[in-house]
Each structure stands twice: as structure tokens, then as C-alpha cells.
Amino acid sequence: MRRSKRIVVLSHCLLNQNTVIHEEARAMGAVSSVVNWALEGGYGLVQLPCPEFTFLGEDRPPMTYEQYDNPAYRSHCRQILQPIIKQLQEYQRAGYELTGSVGIGRSPSCDPGRGVYMEEFRQLLQEAELELRHSWFLPPVEDPIFDPDRHKAF
Ligand code: SF4
């Protein structure tokens, strides 16, 4: 079968809500509105590692942007993103379209506008001369419905 050769990068918990802080899951497992959109669009999905889960664990407390905005956490973010950057470089080299990314609205880590992890991700993309054409986010409400026309960061 012909490949789409189009790649979308997803925040980890869009496919696995088991990594979010307690009481904040927006779905039982994967977020269906994002998964359905990706299936219909024929996008290949690259799942980012969850930075908070791998830094503080499953039972971490809720924390703010300011609390995560420190050198140790930023260094952790950059470290776990390295294998992703390598994958995206290979896709770009092979002529794939890096269509975009989907982050998480109001997350201190994964908000595309003000999230520590996404800031480090953007920096690494720039350093590697990679460009994701679009940036979307899942809105911060319970049982959210992802709408790519409305939930675009840039
Ligand atoms: S850090 Fe990002 S991937 Fe992990 S649970 Fe929070 S929003 Fe999801």
C-alpha cells in the first residue's frame, strides 16, 4: 500500500492518558477525537515521551510552569527528546512531510505556547533545522473534542 509520508508528533498522553496526574485524565486511554482525526488524515504518528512521568513518576503532584522551569527539568526534556529529533531528521531526509504536532492546552510542560517541554522541543527542532508546519493543541476541558480548525496554536 502507498504510504502517506506525512508525520504528526503527539504529546504522549494523547495516546495514553495513564501518564497524566491523578484526577486529570481526559479519557480512559487514548483521546479518540485526536486518534480519529489522525486515522482519517492518514498521518503517521510519532509519540513523544511524557517528560513529567519520566522525571517525577506516576504519582507526582500537580505543578506549575514556574515549578518546572528549572535547569534540571529542561535538561531532562532535551535528553528524552534526542531520539525523537533523530527520527524526524530521518523522515525529513527521506522526503516525508513533517505536518505538525499536537500538544496539550494549559499543561505546564506540553502547552504549545507556554510549556517547558514544548519550548525545549522547538529549540531542538530549530537547532536540527527541522520544521513542523503546524501546531495544534487539545483544549483543556474534560472529555475534550479535538478540532484541528479551532485548536491551532500557529
Ligand atoms: S507532561 Fe505532557 S505528555 Fe505528560 S501527561 Fe502532561 S501533558 Fe501529557
# chains A, B, ... in the order shown; residues from 1 in each chain; ligands from 1
>>> residues_around(residues="segment 145-152 of chain A", least_positions_apart="5", cutoff="6 Å", atoms="only C-alpha atoms", output="tab-separated table (two decimals) with all heavy atoms, in the first residue's frame")
chain	number	residue	atom	x	y	z
A	33	SER	N	-10.88	11.70	19.74
A	33	SER	CA	-11.02	12.72	18.69
A	33	SER	C	-9.69	12.98	17.98
A	33	SER	O	-9.67	13.26	16.77
A	33	SER	CB	-11.57	14.02	19.27
A	33	SER	OG	-10.81	14.46	20.36
A	34	VAL	N	-8.60	12.85	18.69
A	34	VAL	CA	-7.28	13.02	18.07
A	34	VAL	C	-6.94	11.79	17.23
A	34	VAL	O	-6.48	11.90	16.09
A	34	VAL	CB	-6.20	13.26	19.14
A	34	VAL	CG1	-4.81	13.29	18.52
A	34	VAL	CG2	-6.47	14.56	19.89
A	135	SER	N	0.97	23.58	14.37
A	135	SER	CA	0.97	23.22	15.80
A	135	SER	C	-0.47	23.29	16.31
A	135	SER	O	-1.11	24.33	16.21
A	135	SER	CB	1.87	24.18	16.57
A	135	SER	OG	1.77	23.93	17.95
A	136	TRP	N	-0.94	22.18	16.84
A	136	TRP	CA	-2.28	22.11	17.38
A	136	TRP	C	-2.21	21.78	18.88
A	136	TRP	O	-1.17	21.41	19.39
A	136	TRP	CB	-3.10	21.00	16.70
A	136	TRP	CG	-3.38	21.21	15.25
A	136	TRP	CD1	-4.37	21.99	14.70
A	136	TRP	CD2	-2.71	20.59	14.14
A	136	TRP	NE1	-4.35	21.88	13.32
A	136	TRP	CE2	-3.34	21.04	12.95
A	136	TRP	CE3	-1.64	19.70	14.01
A	136	TRP	CZ2	-2.95	20.64	11.68
A	136	TRP	CZ3	-1.25	19.30	12.74
A	136	TRP	CH2	-1.89	19.76	11.60
A	137	PHE	N	-3.35	21.89	19.53
A	137	PHE	CA	-3.39	21.52	20.95
A	137	PHE	C	-4.75	20.93	21.29
A	137	PHE	O	-5.77	21.26	20.67
A	137	PHE	CB	-3.11	22.73	21.85
A	137	PHE	CG	-4.12	23.84	21.68
A	137	PHE	CD1	-5.23	23.93	22.51
A	137	PHE	CD2	-3.97	24.79	20.69
A	137	PHE	CE1	-6.16	24.94	22.36
A	137	PHE	CE2	-4.90	25.81	20.51
A	137	PHE	CZ	-6.00	25.89	21.35
A	138	LEU	N	-4.76	20.08	22.28
A	138	LEU	CA	-6.02	19.57	22.82
A	138	LEU	C	-6.53	20.58	23.85
A	138	LEU	O	-5.78	20.98	24.73
A	138	LEU	CB	-5.79	18.22	23.50
A	138	LEU	CG	-7.06	17.52	24.00
A	138	LEU	CD1	-7.88	17.00	22.83
A	138	LEU	CD2	-6.70	16.36	24.94
>>> residues_around(residues="segment 9-20 of chain A", least_positions_apart="5", cutoff="7 Å", atoms="only C-alpha atoms", output="MDAnalysis selection string")
chainID A and resid 25 27:31 45:50 53 58 100:103 110
>>> residues_around(residues="Ala128 of chain A", least_positions_apart="3", cutoff="8 Å", atoms="only C-alpha atoms", output="list in words")
Ile85, Gln89, Leu124 and Leu125 of chain A
>>> closest_residue(among="A:Asp69, A:Leu132, A:Gly41, A:Arg26", to="Glu119 of chain A", atoms="only C-alpha atoms")
A:Asp69
>>> select_by_dssp(residues="chain A", states="strand (DSSP E or B)", output="VMD selection string")
chain A and resid 6 to 10 44 to 47 97 to 104 134 to 138 152
>>> residues_around(residues="Cys77 of chain A", least_positions_apart="3", cutoff="7 Å", atoms="only C-alpha atoms", output="ChimeraX atom specification")
/A:51,73-74,80-81,117,120
>>> atom_distance(atom1="atom CA of Ile104 of chain A", atom2="atom 7 (S, counted along the ligand's line) of ligand 1")
5.3 Å
>>> atom_distance(atom1="atom CA of His134 of chain A", atom2="atom CA of Glu52 of chain A")
23.9 Å
>>> atom_distance(atom1="atom CA of Arg3 of chain A", atom2="atom CA of Tyr96 of chain A")
9.9 Å
>>> select_by_dssp(residues="chain A", states="helix (DSSP H, G or I)", output="ChimeraX atom specification")
/A:12-14,17-19,32-41,51-56,65-68,71-93,116-127
>>> residues_around(residues="Gly42 of chain A", least_positions_apart="5", cutoff="12 Å", atoms="only C-alpha atoms", output="JSON, numbers by chain")
{"A": [2, 3, 4, 5, 6, 7, 8, 35, 36, 37, 99]}
>>> closest_residue(among="A:Pro71, A:Gly95, A:Pro108, A:Gly44", to="Ile21 of chain A", atoms="only C-alpha atoms")
A:Pro108
>>> closest_residue(among="A:Leu56, A:Met118, A:Leu130, A:Ala38", to="Glu97 of chain A", atoms="only C-alpha atoms")
A:Leu130
>>> decode(residues="segment 74-89 of chain A", atoms="all heavy atoms", output="PDB file, in the first residue's frame")
ATOM      1  N   ARG A  74      14.593  21.031  32.387  1.00  0.00           N
ATOM      2  CA  ARG A  74      14.839  21.357  30.976  1.00  0.00           C
ATOM      3  C   ARG A  74      15.874  20.394  30.374  1.00  0.00           C
ATOM      4  O   ARG A  74      15.744  19.962  29.229  1.00  0.00           O
ATOM      5  CB  ARG A  74      15.292  22.817  30.827  1.00  0.00           C
ATOM      6  CG  ARG A  74      14.142  23.801  30.992  1.00  0.00           C
ATOM      7  CD  ARG A  74      14.535  25.227  30.655  1.00  0.00           C
ATOM      8  NE  ARG A  74      13.403  26.126  30.830  1.00  0.00           N
ATOM      9  CZ  ARG A  74      12.482  26.388  29.893  1.00  0.00           C
ATOM     10  NH1 ARG A  74      12.585  25.845  28.691  1.00  0.00           N
ATOM     11  NH2 ARG A  74      11.480  27.198  30.140  1.00  0.00           N
ATOM     12  N   SER A  75      16.878  20.065  31.158  1.00  0.00           N
ATOM     13  CA  SER A  75      17.895  19.123  30.685  1.00  0.00           C
ATOM     14  C   SER A  75      17.271  17.741  30.444  1.00  0.00           C
ATOM     15  O   SER A  75      17.565  17.068  29.454  1.00  0.00           O
ATOM     16  CB  SER A  75      19.013  19.044  31.720  1.00  0.00           C
ATOM     17  OG  SER A  75      19.863  17.982  31.440  1.00  0.00           O
ATOM     18  N   HIS A  76      16.410  17.316  31.363  1.00  0.00           N
ATOM     19  CA  HIS A  76      15.703  16.038  31.188  1.00  0.00           C
ATOM     20  C   HIS A  76      14.883  16.046  29.902  1.00  0.00           C
ATOM     21  O   HIS A  76      14.901  15.082  29.126  1.00  0.00           O
ATOM     22  CB  HIS A  76      14.798  15.804  32.403  1.00  0.00           C
ATOM     23  CG  HIS A  76      13.870  14.649  32.242  1.00  0.00           C
ATOM     24  ND1 HIS A  76      14.299  13.333  32.301  1.00  0.00           N
ATOM     25  CD2 HIS A  76      12.532  14.603  31.994  1.00  0.00           C
ATOM     26  CE1 HIS A  76      13.255  12.530  32.116  1.00  0.00           C
ATOM     27  NE2 HIS A  76      12.184  13.272  31.914  1.00  0.00           N
ATOM     28  N   CYS A  77      14.177  17.155  29.668  1.00  0.00           N
ATOM     29  CA  CYS A  77      13.353  17.272  28.453  1.00  0.00           C
ATOM     30  C   CYS A  77      14.213  17.113  27.206  1.00  0.00           C
ATOM     31  O   CYS A  77      13.880  16.358  26.292  1.00  0.00           O
ATOM     32  CB  CYS A  77      12.638  18.621  28.427  1.00  0.00           C
ATOM     33  SG  CYS A  77      11.348  18.794  29.672  1.00  0.00           S
ATOM     34  N   ARG A  78      15.325  17.811  27.183  1.00  0.00           N
ATOM     35  CA  ARG A  78      16.191  17.751  25.999  1.00  0.00           C
ATOM     36  C   ARG A  78      16.734  16.347  25.795  1.00  0.00           C
ATOM     37  O   ARG A  78      16.826  15.859  24.675  1.00  0.00           O
ATOM     38  CB  ARG A  78      17.337  18.757  26.139  1.00  0.00           C
ATOM     39  CG  ARG A  78      16.891  20.200  26.065  1.00  0.00           C
ATOM     40  CD  ARG A  78      18.054  21.152  26.301  1.00  0.00           C
ATOM     41  NE  ARG A  78      18.913  21.281  25.126  1.00  0.00           N
ATOM     42  CZ  ARG A  78      18.673  22.121  24.121  1.00  0.00           C
ATOM     43  NH1 ARG A  78      17.627  22.892  24.137  1.00  0.00           N
ATOM     44  NH2 ARG A  78      19.499  22.190  23.094  1.00  0.00           N
ATOM     45  N   GLN A  79      17.068  15.696  26.901  1.00  0.00           N
ATOM     46  CA  GLN A  79      17.640  14.351  26.802  1.00  0.00           C
ATOM     47  C   GLN A  79      16.640  13.351  26.207  1.00  0.00           C
ATOM     48  O   GLN A  79      16.978  12.591  25.302  1.00  0.00           O
ATOM     49  CB  GLN A  79      18.073  13.910  28.203  1.00  0.00           C
ATOM     50  CG  GLN A  79      18.828  12.608  28.206  1.00  0.00           C
ATOM     51  CD  GLN A  79      19.093  12.111  29.621  1.00  0.00           C
ATOM     52  OE1 GLN A  79      18.973  12.868  30.592  1.00  0.00           O
ATOM     53  NE2 GLN A  79      19.431  10.856  29.728  1.00  0.00           N
ATOM     54  N   ILE A  80      15.405  13.371  26.689  1.00  0.00           N
ATOM     55  CA  ILE A  80      14.444  12.373  26.191  1.00  0.00           C
ATOM     56  C   ILE A  80      13.947  12.723  24.786  1.00  0.00           C
ATOM     57  O   ILE A  80      13.370  11.865  24.110  1.00  0.00           O
ATOM     58  CB  ILE A  80      13.255  12.160  27.163  1.00  0.00           C
ATOM     59  CG1 ILE A  80      12.434  13.438  27.341  1.00  0.00           C
ATOM     60  CG2 ILE A  80      13.747  11.624  28.500  1.00  0.00           C
ATOM     61  CD1 ILE A  80      11.192  13.236  28.198  1.00  0.00           C
ATOM     62  N   LEU A  81      14.172  13.955  24.353  1.00  0.00           N
ATOM     63  CA  LEU A  81      13.748  14.350  23.007  1.00  0.00           C
ATOM     64  C   LEU A  81      14.772  13.981  21.933  1.00  0.00           C
ATOM     65  O   LEU A  81      14.451  13.987  20.746  1.00  0.00           O
ATOM     66  CB  LEU A  81      13.488  15.863  22.966  1.00  0.00           C
ATOM     67  CG  LEU A  81      12.169  16.318  23.601  1.00  0.00           C
ATOM     68  CD1 LEU A  81      12.162  17.828  23.796  1.00  0.00           C
ATOM     69  CD2 LEU A  81      10.981  15.883  22.758  1.00  0.00           C
ATOM     70  N   GLN A  82      15.991  13.666  22.346  1.00  0.00           N
ATOM     71  CA  GLN A  82      17.031  13.398  21.341  1.00  0.00           C
ATOM     72  C   GLN A  82      16.651  12.294  20.352  1.00  0.00           C
ATOM     73  O   GLN A  82      16.813  12.460  19.142  1.00  0.00           O
ATOM     74  CB  GLN A  82      18.372  13.050  22.027  1.00  0.00           C
ATOM     75  CG  GLN A  82      19.001  14.187  22.801  1.00  0.00           C
ATOM     76  CD  GLN A  82      19.401  15.384  21.941  1.00  0.00           C
ATOM     77  OE1 GLN A  82      19.491  15.275  20.713  1.00  0.00           O
ATOM     78  NE2 GLN A  82      19.610  16.526  22.559  1.00  0.00           N
ATOM     79  N   PRO A  83      16.140  11.144  20.827  1.00  0.00           N
ATOM     80  CA  PRO A  83      15.779  10.088  19.853  1.00  0.00           C
ATOM     81  C   PRO A  83      14.654  10.513  18.909  1.00  0.00           C
ATOM     82  O   PRO A  83      14.604  10.065  17.766  1.00  0.00           O
ATOM     83  CB  PRO A  83      15.313   8.919  20.756  1.00  0.00           C
ATOM     84  CG  PRO A  83      15.895   9.200  22.098  1.00  0.00           C
ATOM     85  CD  PRO A  83      15.978  10.692  22.224  1.00  0.00           C
ATOM     86  N   ILE A  84      13.780  11.391  19.381  1.00  0.00           N
ATOM     87  CA  ILE A  84      12.694  11.882  18.521  1.00  0.00           C
ATOM     88  C   ILE A  84      13.269  12.767  17.416  1.00  0.00           C
ATOM     89  O   ILE A  84      12.889  12.662  16.244  1.00  0.00           O
ATOM     90  CB  ILE A  84      11.668  12.684  19.355  1.00  0.00           C
ATOM     91  CG1 ILE A  84      11.099  11.834  20.488  1.00  0.00           C
ATOM     92  CG2 ILE A  84      10.573  13.255  18.460  1.00  0.00           C
ATOM     93  CD1 ILE A  84      10.252  10.672  20.049  1.00  0.00           C
ATOM     94  N   ILE A  85      14.192  13.649  17.794  1.00  0.00           N
ATOM     95  CA  ILE A  85      14.822  14.525  16.803  1.00  0.00           C
ATOM     96  C   ILE A  85      15.514  13.678  15.729  1.00  0.00           C
ATOM     97  O   ILE A  85      15.405  13.956  14.530  1.00  0.00           O
ATOM     98  CB  ILE A  85      15.833  15.473  17.501  1.00  0.00           C
ATOM     99  CG1 ILE A  85      15.090  16.424  18.448  1.00  0.00           C
ATOM    100  CG2 ILE A  85      16.653  16.238  16.472  1.00  0.00           C
ATOM    101  CD1 ILE A  85      14.170  17.429  17.779  1.00  0.00           C
ATOM    102  N   LYS A  86      16.176  12.621  16.147  1.00  0.00           N
ATOM    103  CA  LYS A  86      16.856  11.746  15.171  1.00  0.00           C
ATOM    104  C   LYS A  86      15.850  11.129  14.208  1.00  0.00           C
ATOM    105  O   LYS A  86      16.079  11.038  13.000  1.00  0.00           O
ATOM    106  CB  LYS A  86      17.623  10.644  15.910  1.00  0.00           C
ATOM    107  CG  LYS A  86      18.904  11.120  16.553  1.00  0.00           C
ATOM    108  CD  LYS A  86      19.865   9.945  16.765  1.00  0.00           C
ATOM    109  CE  LYS A  86      21.254  10.406  17.113  1.00  0.00           C
ATOM    110  NZ  LYS A  86      21.355  11.067  18.423  1.00  0.00           N
ATOM    111  N   GLN A  87      14.715  10.683  14.736  1.00  0.00           N
ATOM    112  CA  GLN A  87      13.689  10.102  13.865  1.00  0.00           C
ATOM    113  C   GLN A  87      13.170  11.137  12.865  1.00  0.00           C
ATOM    114  O   GLN A  87      13.007  10.849  11.676  1.00  0.00           O
ATOM    115  CB  GLN A  87      12.513   9.590  14.693  1.00  0.00           C
ATOM    116  CG  GLN A  87      12.828   8.357  15.526  1.00  0.00           C
ATOM    117  CD  GLN A  87      11.653   7.970  16.405  1.00  0.00           C
ATOM    118  OE1 GLN A  87      10.526   7.868  15.940  1.00  0.00           O
ATOM    119  NE2 GLN A  87      11.906   7.764  17.676  1.00  0.00           N
ATOM    120  N   LEU A  88      12.914  12.350  13.356  1.00  0.00           N
ATOM    121  CA  LEU A  88      12.373  13.379  12.471  1.00  0.00           C
ATOM    122  C   LEU A  88      13.401  13.773  11.403  1.00  0.00           C
ATOM    123  O   LEU A  88      13.034  14.056  10.257  1.00  0.00           O
ATOM    124  CB  LEU A  88      11.935  14.600  13.289  1.00  0.00           C
ATOM    125  CG  LEU A  88      10.792  14.340  14.280  1.00  0.00           C
ATOM    126  CD1 LEU A  88      10.443  15.610  15.035  1.00  0.00           C
ATOM    127  CD2 LEU A  88       9.559  13.779  13.578  1.00  0.00           C
ATOM    128  N   GLN A  89      14.661  13.774  11.783  1.00  0.00           N
ATOM    129  CA  GLN A  89      15.701  14.064  10.784  1.00  0.00           C
ATOM    130  C   GLN A  89      15.692  13.018   9.672  1.00  0.00           C
ATOM    131  O   GLN A  89      15.835  13.342   8.494  1.00  0.00           O
ATOM    132  CB  GLN A  89      17.083  14.094  11.453  1.00  0.00           C
ATOM    133  CG  GLN A  89      17.336  15.371  12.222  1.00  0.00           C
ATOM    134  CD  GLN A  89      18.659  15.345  12.957  1.00  0.00           C
ATOM    135  OE1 GLN A  89      18.986  14.355  13.621  1.00  0.00           O
ATOM    136  NE2 GLN A  89      19.414  16.425  12.864  1.00  0.00           N
TER     137      GLN A  89
END
